[in-house]
Each structure stands twice: as structure tokens, then as C-alpha cells.
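Worksheet: the structure to be examined is printed underneath.
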Amino acid sequence: MSTAFLADEALVDLLIQQATTGLEPAEPGELARRLALYPDADPGAIERVVATLTLAARPDGEALPRTLKDRLMEQGATWRATAPIVDLTARRSGAQRGPSTSRVRWRTSQAGWWAAAAALVLAVAGWYPRLAMPPRPPDARELRAQLIATTPGLIRWEFAATADPAAHGASGDVVWDPLSQRGYMRFAGLGPNDARRSQYQLWIFDAERDDRFPVDGGVFDIPVGTGDVVIPIAARIRVGKPVLFAVTVERPGGVVVSGRERVAVLARPTQT
């Protein structure tokens, strides 16, 4: 979809007029004539941008992302510094586009806002699909990095592989924030599982609890072909003082109490 029509100032002016207060009787023909010069044009872009900017200005509307707002303001400042001064009354004084006095007053008072909107169409066009769609939520890898970067007193222990076949060549670590009770496991080389037959399950051993009943940290899968993977921890109850993180191989859906027949990896404080 071409945006070349945005360079046609008179056409943009008409499209803004159509999207705001409406066209005067003689103007639809002029608009159609000018649009015919741009067969690949997307005239709806102006209306979408006007709607977006109008909603952004409403006090009850959702605020624009800060980075987008800053870039739009920068674009607007550049436009104001470089755009020629236009005599709106003169532009609208022709016989075919003669306005009423009230329309000229409206355009004069609103010119700065809508002219700036028109000048920003090219910039907004690239961002518009993102404005119309909800932002992508951060994935586990991003959340883990954020937790590490922002959490003092974070527990971070390395996983050690056992002799279990699923753990051959496995490595990784666990990070855990005792305050927020959030954490993530990172693995490389942990064997893939067939979720129809077995799943991995995390157990968190707590110094304040009986070792026979560690905290269930959730079940997870390692698909075939997975390299470095990050798994969020889903502790079922609060963990007081973790002393060991153990990953076992269990039946699909996990178990309430593990027999610990197959322990794949373990993470504990480094012995000094």
C-alpha cells in the first residue's frame, strides 16, 4: 500500500478535513480527483492516525507508550521547525473550496494539532499495527534476566547432572528470589521427554520443612530439538529457606510425593 499521496499537501488537507469536521459540498469531487492520481493510496491511513491521536489525547484513554510518545514529539518538533508557514485563509479562498467564516475560524484554531498529525502520518504508519495490537508479553528468558538484574539477595545455584540417562551432558542453573517467591531454571543438554509417558518435576527442599515433603515446584517438558531453555518455577506453597533444588522424572502430570527413583539434576549451595 503506497504512502506517496502523503506528499500531496492539498490531498492530506482534504483527508484530515473529512476525518474531523467533514467536507464542504464542493470538496468530495476534489478529493476524488486527487485520490485518482494515487491508485495505490491508503486514504484510510489519515483517518486511523487521527483516531489514534484523538484517543491518545483523551484523559480516559490508554496512554501511548513512553518511547512512542517521545518519538512523536520529536517528529512534531522537527516538523514545526521546518514546515513552511501556510496561509490557511488564502488556501481556502478559491471559488470551488470557499469556506464559511466559522469553518475558517475552526481551521485556524485547530491547524496546529491536525497539521502536526498529518506531518506525523509517515512516522505513525510504521507503528500503527503495534498501537492496534496488545504488546507481546515478556517471555521467561526476559523475565529471568530482569529478575537477575533487579533483585538483591538473589539465590543462584548451578545444576549438577546425576547418572540418570536424561541428564547426560546436562547443565544449567536456578535463580530464586525468597522475597517475591519467584524463580527460573535454565537448562542446556537436558534430555527431551515424551509428555505422554513422563514429565520433569521440580522439588524445592526447605530447611523449615520435613525433607520427606519438599515443595512441589511444578512440572515441565523439554521438547525434542530444544537447546538452552528457561523454565519458570511454580512453587505450590511458600518456601522459607531453600537448601536444595532437585528435578526428577515422573509420570505425566507429576506426583504429590516423589519416590525419587529418577533424579536428573540437583542444585545446592556451593561447598566452600
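Just remember, in the C-alpha cells the first chain shown is A, the second B, etc., residues are 1-based per chain, and ligands are 1-based in the order shown.
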Query - Polymer residues at most 9 Å from Leu15 (chain A), only C-alpha atoms, same-chain spacing of 6 or more positions, as a ChimeraX atom specification - result: /A:23,31,43-44,46-47
Query - From A:Arg196, A:Arg144, A:His168, A:Arg238, residue lying nearest Ser180 (chain A) [only C-alpha atoms] - result: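 So, comparing all the options, the nearest one is A:Arg238.
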**Report entry** Option closest in space to Gly169 (chain A), from A:Ala140, A:Leu190, A:Val243, A:Val249 [counting only C-alpha atoms]
**Finding:** A:Leu190
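With CA of Asp211 (chain A) on one side and CA of Ala170 (chain A) on the other, the separation reads 25.0 Å.
You will find CA of Asp210 (chain A) at 12.0 Å from CA of Lys241 (chain A).
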Can you list, as a compact mmCIF listing (two decimals) with C-alpha atoms, in the first residue's frame, every protein, DNA or RNA residue that comes within 12 Å of Val174 (chain A) when you count only C-alpha atoms, leaving out same-chain residues fewer than 6 positions away?
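Result saved to around_12.txt:
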# COMPACT_ATOMS: atom_id res chain seq x y z
CA ARG A 144 14.74 -14.24 34.29
CA LEU A 147 14.94 -10.75 37.98
CA ILE A 148 18.72 -11.17 38.00
CA LEU A 154 19.02 -13.48 44.75
CA ILE A 155 19.85 -17.18 45.12
CA ARG A 156 21.68 -18.51 42.07
CA TRP A 157 22.94 -22.09 42.16
CA GLU A 158 24.38 -24.29 39.40
CA PHE A 159 22.68 -27.55 38.47
CA ALA A 160 24.79 -30.72 38.55
CA ARG A 182 9.75 -16.11 42.01
CA GLY A 183 12.42 -18.06 40.19
CA TYR A 184 13.57 -19.67 36.96
CA MET A 185 15.53 -22.74 35.91
CA ARG A 186 17.85 -22.66 32.92
CA PHE A 187 18.96 -25.88 31.26
CA LEU A 202 10.94 -29.71 40.34
CA ILE A 204 12.42 -27.47 46.47
CA GLY A 217 7.86 -26.55 42.02
CA VAL A 229 15.69 -23.43 27.75
CA VAL A 230 14.32 -21.32 30.63
CA ILE A 231 11.53 -22.72 32.82
CA PRO A 232 9.59 -20.61 35.37
CA ILE A 233 9.23 -22.10 38.84
CA PRO A 242 15.65 -23.37 50.22
CA LEU A 244 18.26 -27.90 47.52
CA PHE A 245 16.51 -27.85 44.14
CA ALA A 246 16.01 -31.29 42.58
CA VAL A 247 14.48 -32.24 39.24
CA VAL A 265 19.78 -32.74 38.21
CA LEU A 266 20.46 -31.11 41.58
CA ALA A 267 21.32 -27.56 42.63
CA ARG A 268 22.62 -26.67 46.07
CA PRO A 269 24.86 -24.01 47.61
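If you measure from each of A:Val239, A:Pro252, A:Glu24, A:Pro137 to Arg209 (chain A) using only C-alpha atoms, the closest one turns out to be A:Val239.
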Requested in this report: Record the distance separating CA of Asp177 (chain A) and CA of Gln146 (chain A), expressed in Å with one decimal.
Outcome: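 Atom-to-atom, CA of Asp177 (chain A) to CA of Gln146 (chain A), that is 11.9 Å.
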Query raised in the report: Given the choices A:Gln181, A:Ser198, A:Thr270, A:Thr151, which gets closest to Ala235 (chain A) if the distance is worked out from only C-alpha atoms?
Result: A:Gln181
Query raised in the report: From the list A:Asp8, A:Asp13, A:Glu208, A:Glu142, which residue is nearest Leu37 (chain A) when using only C-alpha atoms?
Result: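 The answer is A:Asp8, which sits nearest to Leu37 (chain A).
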Report summary line: If you count only C-alpha atoms, the residue of A:Asp173, A:Asp216, A:Asp228, A:Glu250 closest to Tyr200 (chain A) turns out to be A:Glu250
Find the spatial neighbours of Ser258 (chain A), counting only C-alpha atoms, within a cut-off of 9 Å - ignore same-chain residues fewer than 2 positions away - and output them as a PDB file with N, CA and C atoms, in the first residue's frame.
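The result, written out as around_35.pdb:
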ATOM      1  N   TRP A 203      11.471 -30.103  42.655  1.00  0.00           N
ATOM      2  CA  TRP A 203      11.213 -30.181  44.091  1.00  0.00           C
ATOM      3  C   TRP A 203      12.166 -29.214  44.796  1.00  0.00           C
ATOM      4  N   PHE A 213       8.934 -34.158  52.531  1.00  0.00           N
ATOM      5  CA  PHE A 213       7.874 -33.459  51.807  1.00  0.00           C
ATOM      6  C   PHE A 213       8.390 -32.126  51.249  1.00  0.00           C
ATOM      7  N   THR A 248      13.212 -34.290  39.149  1.00  0.00           N
ATOM      8  CA  THR A 248      13.012 -35.726  38.985  1.00  0.00           C
ATOM      9  C   THR A 248      12.233 -35.995  37.701  1.00  0.00           C
ATOM     10  N   GLU A 250       9.033 -37.974  36.406  1.00  0.00           N
ATOM     11  CA  GLU A 250       7.814 -38.544  36.972  1.00  0.00           C
ATOM     12  C   GLU A 250       6.822 -38.889  35.867  1.00  0.00           C
ATOM     13  N   GLY A 254       2.880 -35.204  36.924  1.00  0.00           N
ATOM     14  CA  GLY A 254       3.612 -35.132  38.175  1.00  0.00           C
ATOM     15  C   GLY A 254       2.972 -35.939  39.281  1.00  0.00           C
ATOM     16  N   VAL A 255       3.609 -35.905  40.428  1.00  0.00           N
ATOM     17  CA  VAL A 255       3.138 -36.671  41.584  1.00  0.00           C
ATOM     18  C   VAL A 255       3.068 -35.763  42.808  1.00  0.00           C
ATOM     19  N   VAL A 256       2.337 -36.215  43.823  1.00  0.00           N
ATOM     20  CA  VAL A 256       2.236 -35.457  45.071  1.00  0.00           C
ATOM     21  C   VAL A 256       3.467 -35.686  45.934  1.00  0.00           C
ATOM     22  N   ARG A 260      11.502 -40.562  44.051  1.00  0.00           N
ATOM     23  CA  ARG A 260      12.892 -40.167  43.779  1.00  0.00           C
ATOM     24  C   ARG A 260      13.702 -41.290  43.131  1.00  0.00           C
ATOM     25  N   GLU A 261      13.000 -42.150  42.375  1.00  0.00           N
ATOM     26  CA  GLU A 261      13.716 -43.203  41.666  1.00  0.00           C
ATOM     27  C   GLU A 261      14.609 -42.629  40.566  1.00  0.00           C
TER      28      GLU A 261
END
Requested in this report: Would you return as a list of chain:residue names the members of region 191-251 of chain A that DSSP assigns to strand (DSSP E) on this structure's backbone?
Outcome: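 Answer for region 191-251 of chain A, restricted to strand (DSSP E): A:Gln199, A:Tyr200, A:Gln201, A:Leu202, A:Trp203, A:Ile204, A:Phe205, A:Asp206, A:Val215, A:Asp216, A:Gly217, A:Gly218, A:Val219, A:Phe220, A:Val229, A:Val230, A:Ile231, A:Pro232, A:Pro242, A:Val243, A:Leu244, A:Phe245, A:Ala246, A:Val247, A:Thr248, A:Val249, A:Glu250.
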